[in-house]
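Enquirer: mmCIF, C-alpha atoms, file protein.cif:
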data_protein
#
loop_
_atom_site.label_atom_id
_atom_site.label_comp_id
_atom_site.auth_asym_id
_atom_site.auth_seq_id
_atom_site.Cartn_x
_atom_site.Cartn_y
_atom_site.Cartn_z
CA MET O 1 67.51 -32.54 -47.32
CA SER O 2 67.30 -28.86 -46.44
CA HIS O 3 65.13 -28.17 -49.52
CA SER O 4 62.62 -30.88 -48.49
CA MET O 5 62.48 -29.62 -44.89
CA LYS O 6 61.37 -26.10 -45.83
CA PRO O 7 57.96 -27.16 -47.28
CA MET O 8 57.38 -29.39 -44.24
CA ARG O 9 58.17 -26.51 -41.87
CA ALA O 10 55.83 -24.31 -43.90
CA VAL O 11 53.02 -26.88 -43.75
CA ARG O 12 53.59 -27.35 -40.02
CA GLY O 13 53.49 -23.58 -39.52
CA ILE O 14 50.25 -23.28 -41.50
CA SER O 15 48.72 -26.16 -39.52
CA GLN O 16 49.61 -24.50 -36.20
CA SER O 17 48.17 -21.20 -37.39
CA LEU O 18 44.97 -22.88 -38.48
CA CYS O 19 44.71 -24.63 -35.10
CA ILE O 20 45.11 -21.33 -33.28
CA VAL O 21 42.50 -19.66 -35.51
CA PHE O 22 40.12 -22.61 -34.98
CA LEU O 23 40.59 -22.49 -31.19
CA LEU O 24 39.99 -18.74 -31.10
CA PHE O 25 36.90 -19.19 -33.23
CA ALA O 26 35.62 -22.02 -31.02
CA CYS O 27 36.18 -19.95 -27.87
CA GLY O 28 34.34 -17.06 -29.45
CA VAL O 29 31.40 -19.27 -30.36
CA LEU O 30 31.28 -20.75 -26.86
CA SER O 31 31.42 -17.37 -25.16
CA ALA O 32 28.66 -16.13 -27.43
CA GLN O 33 26.57 -19.19 -26.62
CA ASN O 34 26.98 -19.03 -22.83
CA PRO O 35 24.59 -16.07 -22.29
CA ALA O 36 22.06 -17.70 -24.60
CA ARG O 37 22.05 -20.83 -22.44
CA GLY O 38 21.38 -18.75 -19.34
CA VAL O 39 18.16 -16.97 -18.43
CA ARG O 40 18.06 -13.71 -20.41
CA ASN O 41 14.38 -12.76 -20.06
CA ILE O 42 13.27 -10.50 -17.22
CA VAL O 43 9.58 -9.74 -16.69
CA LEU O 44 8.81 -6.82 -14.34
CA VAL O 45 5.48 -6.43 -12.54
CA HIS O 46 4.39 -3.25 -10.72
CA GLY O 47 2.30 -3.08 -7.58
CA ALA O 48 -0.86 -1.29 -6.46
CA TRP O 49 -1.19 2.48 -6.93
CA ALA O 50 1.81 2.53 -9.32
CA ASP O 51 2.51 1.61 -12.94
CA GLY O 52 5.23 0.14 -15.10
CA SER O 53 7.03 3.44 -15.70
CA GLY O 54 8.58 3.16 -12.23
CA TRP O 55 10.83 0.40 -13.56
CA LYS O 56 12.63 2.76 -15.96
CA GLY O 57 15.87 2.97 -13.95
CA ALA O 58 16.22 -0.78 -13.38
CA TYR O 59 15.05 -1.48 -16.95
CA THR O 60 17.82 0.70 -18.38
CA ILE O 61 20.52 -1.10 -16.37
CA LEU O 62 19.21 -4.57 -17.20
CA VAL O 63 18.96 -3.84 -20.93
CA LYS O 64 22.48 -2.36 -20.95
CA ASP O 65 23.70 -5.60 -19.35
CA GLY O 66 22.20 -7.66 -22.18
CA TYR O 67 18.87 -8.80 -20.77
CA ASN O 68 15.58 -8.91 -22.65
CA VAL O 69 13.23 -6.94 -20.38
CA SER O 70 9.44 -6.71 -20.53
CA ILE O 71 7.18 -4.67 -18.26
CA VAL O 72 3.66 -5.81 -17.41
CA GLN O 73 0.94 -3.18 -17.04
CA GLU O 74 -1.68 -4.82 -14.83
CA PRO O 75 -5.17 -3.31 -15.01
CA GLU O 76 -5.78 -3.85 -11.25
CA THR O 77 -9.47 -4.42 -12.03
CA SER O 78 -9.39 -7.93 -10.53
CA PHE O 79 -6.71 -10.22 -9.16
CA GLN O 80 -7.34 -12.72 -11.95
CA ASP O 81 -7.05 -9.95 -14.56
CA ASP O 82 -3.63 -9.10 -13.14
CA VAL O 83 -2.47 -12.74 -13.11
CA THR O 84 -3.67 -13.08 -16.71
CA ALA O 85 -1.79 -9.91 -17.71
CA VAL O 86 1.45 -11.39 -16.33
CA LYS O 87 0.92 -14.74 -18.07
CA ARG O 88 0.19 -12.89 -21.33
CA ILE O 89 3.66 -11.31 -21.26
CA LEU O 90 5.36 -14.53 -20.12
CA ALA O 91 3.89 -16.28 -23.17
CA LEU O 92 5.67 -13.80 -25.45
CA GLN O 93 9.13 -14.66 -24.10
CA ASN O 94 11.52 -16.93 -25.97
CA GLY O 95 12.80 -19.22 -23.24
CA PRO O 96 12.73 -19.12 -19.43
CA SER O 97 12.19 -15.90 -17.44
CA ILE O 98 12.97 -14.32 -14.11
CA LEU O 99 9.68 -12.92 -12.81
CA VAL O 100 10.03 -9.79 -10.68
CA ALA O 101 7.40 -7.88 -8.71
CA HIS O 102 6.97 -4.92 -6.42
CA SER O 103 4.46 -4.66 -3.55
CA TYR O 104 0.99 -6.11 -4.35
CA GLY O 105 2.60 -7.49 -7.52
CA GLY O 106 4.28 -10.03 -5.26
CA ALA O 107 0.93 -11.73 -4.63
CA VAL O 108 0.26 -11.64 -8.38
CA ILE O 109 3.56 -13.36 -9.30
CA THR O 110 3.13 -15.87 -6.48
CA GLU O 111 0.04 -17.05 -8.37
CA ALA O 112 1.26 -16.46 -11.96
CA GLY O 113 4.77 -17.74 -11.27
CA THR O 114 3.71 -21.38 -11.37
CA ASP O 115 3.90 -20.99 -15.16
CA PRO O 116 6.51 -23.50 -16.46
CA SER O 117 8.51 -20.72 -18.16
CA VAL O 118 9.34 -19.04 -14.82
CA ALA O 119 12.81 -20.02 -13.56
CA GLY O 120 12.97 -17.78 -10.49
CA LEU O 121 11.02 -15.14 -8.56
CA VAL O 122 12.31 -11.79 -7.28
CA TYR O 123 10.22 -9.87 -4.74
CA ILE O 124 10.97 -6.14 -4.37
CA ALA O 125 9.48 -4.86 -1.06
CA ALA O 126 6.63 -7.21 -1.94
CA HIS O 127 4.00 -9.49 -0.49
CA MET O 128 4.71 -13.21 -0.70
CA PRO O 129 1.64 -15.12 0.49
CA ASP O 130 1.48 -18.89 0.76
CA SER O 131 -1.19 -21.16 -0.73
CA GLY O 132 -4.50 -20.48 1.00
CA GLU O 133 -3.33 -17.07 2.29
CA LYS O 134 -4.42 -13.52 1.50
CA GLU O 135 -2.13 -10.52 1.30
CA SER O 136 -4.55 -8.53 3.48
CA GLU O 137 -4.35 -11.10 6.27
CA ASP O 138 -0.55 -11.46 6.04
CA GLY O 139 -0.23 -7.69 6.42
CA LYS O 140 -1.76 -7.94 9.89
CA ARG O 141 1.23 -9.98 11.12
CA PHE O 142 3.35 -6.81 11.04
CA PRO O 143 1.08 -3.80 10.44
CA SER O 144 2.55 -0.98 8.38
CA ASP O 145 2.36 2.76 8.97
CA LEU O 146 0.16 3.08 5.89
CA ALA O 147 -2.30 0.49 7.21
CA LYS O 148 -2.57 2.38 10.50
CA SER O 149 -2.77 5.85 8.93
CA GLY O 150 -6.21 5.91 7.39
CA ALA O 151 -4.62 7.23 4.17
CA ILE O 152 -6.03 4.40 2.04
CA LYS O 153 -9.25 5.72 0.52
CA LYS O 154 -11.96 3.94 -1.46
CA THR O 155 -14.13 5.14 -4.34
CA PRO O 156 -17.90 4.44 -4.34
CA ASP O 157 -17.35 1.59 -6.83
CA GLY O 158 -14.76 -0.15 -4.64
CA PHE O 159 -11.34 0.98 -5.93
CA THR O 160 -8.61 2.01 -3.51
CA TYR O 161 -6.03 4.79 -3.67
CA ILE O 162 -3.68 6.59 -1.31
CA ASP O 163 -4.63 10.09 -0.16
CA PRO O 164 -2.41 12.27 -2.40
CA ALA O 165 -1.59 14.52 0.58
CA GLN O 166 0.04 11.55 2.36
CA PHE O 167 1.42 9.69 -0.66
CA HIS O 168 4.95 11.14 -0.50
CA GLU O 169 5.39 10.48 3.21
CA LEU O 170 3.97 6.94 3.35
CA PHE O 171 4.74 5.51 -0.09
CA ALA O 172 7.70 7.34 -1.63
CA ALA O 173 9.61 9.21 1.07
CA ASP O 174 13.01 8.90 -0.66
CA LEU O 175 11.77 10.35 -3.97
CA SER O 176 11.62 14.07 -4.73
CA SER O 177 8.40 15.87 -3.87
CA GLU O 178 7.90 16.56 -7.59
CA GLN O 179 8.17 12.89 -8.54
CA ALA O 180 5.98 11.79 -5.65
CA ALA O 181 3.36 14.37 -6.63
CA ILE O 182 2.99 13.12 -10.20
CA MET O 183 2.89 9.52 -8.94
CA ALA O 184 0.19 10.47 -6.44
CA ARG O 185 -1.86 12.07 -9.21
CA SER O 186 -1.38 9.19 -11.66
CA GLN O 187 -2.13 6.31 -9.30
CA VAL O 188 -3.58 3.14 -10.80
CA PHE O 189 -6.54 2.58 -8.50
CA ASN O 190 -6.59 -1.02 -7.24
CA PHE O 191 -9.89 -2.84 -6.78
CA ALA O 192 -10.17 -3.42 -3.03
CA ASP O 193 -11.02 -7.12 -3.32
CA ASN O 194 -7.64 -7.75 -5.01
CA PHE O 195 -5.88 -7.48 -1.66
CA SER O 196 -8.02 -10.32 -0.31
CA ALA O 197 -7.55 -12.74 -3.19
CA THR O 198 -6.62 -16.21 -1.94
CA ILE O 199 -3.49 -17.77 -3.42
CA THR O 200 -4.22 -21.20 -4.88
CA THR O 201 -0.63 -22.39 -5.46
CA ALA O 202 2.41 -20.46 -4.20
CA ALA O 203 5.10 -20.51 -6.89
CA TRP O 204 7.91 -19.84 -4.39
CA ARG O 205 7.25 -23.23 -2.79
CA THR O 206 8.80 -24.93 -5.84
CA LYS O 207 10.99 -22.21 -7.37
CA PRO O 208 13.99 -20.24 -6.05
CA SER O 209 13.20 -16.77 -4.74
CA TRP O 210 14.89 -13.51 -3.84
CA MET O 211 13.66 -10.64 -1.65
CA VAL O 212 14.80 -7.02 -1.65
CA VAL O 213 13.88 -5.56 1.75
CA ALA O 214 13.27 -1.81 1.84
CA GLY O 215 14.67 -0.82 5.23
CA ALA O 216 12.44 2.23 5.79
CA ASP O 217 9.30 0.92 4.08
CA ARG O 218 6.11 2.44 5.52
CA THR O 219 3.69 0.74 3.10
CA ILE O 220 4.71 -2.86 3.84
CA ASN O 221 6.45 -3.35 7.18
CA PRO O 222 10.11 -4.34 6.55
CA ASP O 223 9.72 -6.98 9.27
CA LEU O 224 6.98 -8.62 7.18
CA GLU O 225 9.29 -8.61 4.14
CA ARG O 226 12.00 -10.27 6.25
CA TRP O 227 9.48 -12.77 7.63
CA TYR O 228 8.29 -13.70 4.14
CA ALA O 229 11.89 -14.17 2.99
CA LYS O 230 12.83 -16.33 5.96
CA ARG O 231 9.79 -18.57 5.46
CA ALA O 232 10.53 -19.02 1.76
CA HIS O 233 14.30 -19.46 2.30
CA SER O 234 14.78 -16.56 -0.10
CA HIS O 235 18.10 -14.94 -0.91
CA VAL O 236 17.86 -11.53 0.79
CA PHE O 237 19.17 -8.12 -0.25
CA GLU O 238 18.45 -5.28 2.18
CA VAL O 239 18.53 -1.60 1.20
CA PRO O 240 18.80 0.46 4.42
CA GLY O 241 16.80 3.67 4.46
CA ALA O 242 14.83 2.84 1.32
CA SER O 243 11.15 3.68 1.08
CA HIS O 244 8.50 1.40 -0.39
CA CYS O 245 9.52 2.82 -3.77
CA VAL O 246 12.97 1.20 -3.55
CA PHE O 247 12.47 -0.07 -7.11
CA ILE O 248 12.55 3.58 -8.26
CA SER O 249 14.93 5.15 -5.75
CA HIS O 250 17.58 2.40 -5.83
CA PRO O 251 17.53 0.98 -9.37
CA GLY O 252 21.16 -0.18 -9.14
CA GLU O 253 20.59 -2.35 -6.08
CA VAL O 254 17.34 -3.70 -7.51
CA ALA O 255 18.95 -4.56 -10.87
CA HIS O 256 21.83 -6.23 -9.02
CA ALA O 257 19.41 -8.50 -7.14
CA ILE O 258 17.58 -9.40 -10.37
CA GLU O 259 20.83 -10.18 -12.20
CA SER O 260 22.01 -12.27 -9.25
CA ALA O 261 18.83 -14.33 -9.60
CA ALA O 262 19.33 -14.72 -13.35
CA ARG O 263 22.94 -15.87 -12.88
CA GLU O 264 22.04 -18.29 -10.09
CA VAL O 265 19.26 -20.07 -12.00
CA SER O 266 21.49 -20.23 -15.08
CA LYS O 267 24.12 -22.36 -13.31
#
Produce structure tokens that represent the structure in this file.
Expert:
Amino acid sequence: MSHSMKPMRAVRGISQSLCIVFLLFACGVLSAQNPARGVRNIVLVHGAWADGSGWKGAYTILVKDGYNVSIVQEPETSFQDDVTAVKRILALQNGPSILVAHSYGGAVITEAGTDPSVAGLVYIAAHMPDSGEKESEDGKRFPSDLAKSGAIKKTPDGFTYIDPAQFHELFAADLSSEQAAIMARSQVFNFADNFSATITTAAWRTKPSWMVVAGADRTINPDLERWYAKRAHSHVFEVPGASHCVFISHPGEVAHAIESAAREVSK
């Protein structure tokens, strides 16, 4: 009897070991599949008078956390050109995306974000017009220091820029003077008519949205950012003391808001 029991015990032991190995393997496969089922694509859109390089800090954090991040470089030659530039990058993504924008880029993603691949919208100190609205008109609800300053200049062929002498103070107060200076001298001039483009369909009406409010923003009034967010029932993150360039000066907080959006839409 004892001789016949030993092989049975051995078989039982092997079976239990195989079960444990299988369960561990299955758990590993499931954990590896979970991120894939969630939204892993992040598309970042800059605003007027800036470019995609400003996203470097947030980009680095997001990539380290396992996201596939793309940065749109809008030409700012026309509103439609900018919308097309965003859709061009969205089309390259494998699966759904979180679409993120700063400043004027908020109007761009409000229009471009109706694309079926967009799962959620994140506005970083950005405009968020409704269908039939213009960013330029919305700005008058809560005028900003920049709008009242006379620092927005226009070239003879209709492109706008911020007076470099006032750029640091009004656009990027919480960045170093050196960083603000190179940004002021490398501005992407925005065609003036872009600010008055009328939104045809506001993506945030049908998709979840988030807003990062820059508490000391002098380019877009923080009260306008809060008003936009309240109207859209957005999830709100506020960064006290942040300038309009919150996406550069506070990359950790900005990345946190973006990742919160990605997690929420993945549920």
Enquirer: Which residue out of O:Gly57, O:Gly158, O:Gly139, O:Gly113 has the minimum interatomic distance to O:Val246 when all atoms listed in the file are used?
Expert: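 Checking each candidate against O:Val246, we get O:Gly57 as the closest.
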Enquirer: Translate the PyMOL selection byres ((chain O and resi 174) around 9), as applied to the file shown, into an explicit residue set as a list in words.
Expert: His168, Glu169, Phe171, Ala172, Ala173, Leu175, Ser176, Ser177, Gly241, Ala242, Ser243, His244, Cys245, Val246 and Ser249 of chain O
Enquirer: Go through the shown structure with the PyMOL selection byres ((chain O and resi 106) around 6) and write out the matching residues as a VMD selection string.
Expert: chain O and resid 101 to 105 107 to 109 123 126 to 128
Enquirer: Write a file of the just-selected residues containing C-alpha atoms, as a PDB file, in the coordinates of the input.
Expert:
ATOM      1  CA  ALA O 101       7.400  -7.880  -8.710  1.00  0.00           C
ATOM      2  CA  HIS O 102       6.970  -4.920  -6.420  1.00  0.00           C
ATOM      3  CA  SER O 103       4.460  -4.660  -3.550  1.00  0.00           C
ATOM      4  CA  TYR O 104       0.990  -6.110  -4.350  1.00  0.00           C
ATOM      5  CA  GLY O 105       2.600  -7.490  -7.520  1.00  0.00           C
ATOM      6  CA  ALA O 107       0.930 -11.730  -4.630  1.00  0.00           C
ATOM      7  CA  VAL O 108       0.260 -11.640  -8.380  1.00  0.00           C
ATOM      8  CA  ILE O 109       3.560 -13.360  -9.300  1.00  0.00           C
ATOM      9  CA  TYR O 123      10.220  -9.870  -4.740  1.00  0.00           C
ATOM     10  CA  ALA O 126       6.630  -7.210  -1.940  1.00  0.00           C
ATOM     11  CA  HIS O 127       4.000  -9.490  -0.490  1.00  0.00           C
ATOM     12  CA  MET O 128       4.710 -13.210  -0.700  1.00  0.00           C
TER      13      MET O 128
END
Enquirer: Determine the residue membership of the PyMOL selection byres ((chain O and resi 223-239) around 6) for the file above and supply it as a PyMOL selection string.
Expert: chain O and resi 142+209-215+221-222+240+242
Enquirer: Counting only C-alpha atoms, figure out which residue out of O:Thr198, O:Ser144, O:Gln93, O:Asn41 gets nearest to O:Val265.
Expert: O:Asn41
Enquirer: For O:Ile152, list every protein, DNA or RNA residue within 8 Å, evaluated using only C-alpha atoms, and leave out those in the same chain fewer than 3 positions away; present the list as a list in words.
Expert: Leu146, Ala147, Ser149, Thr160, Tyr161, Ile162 and Asp163 of chain O
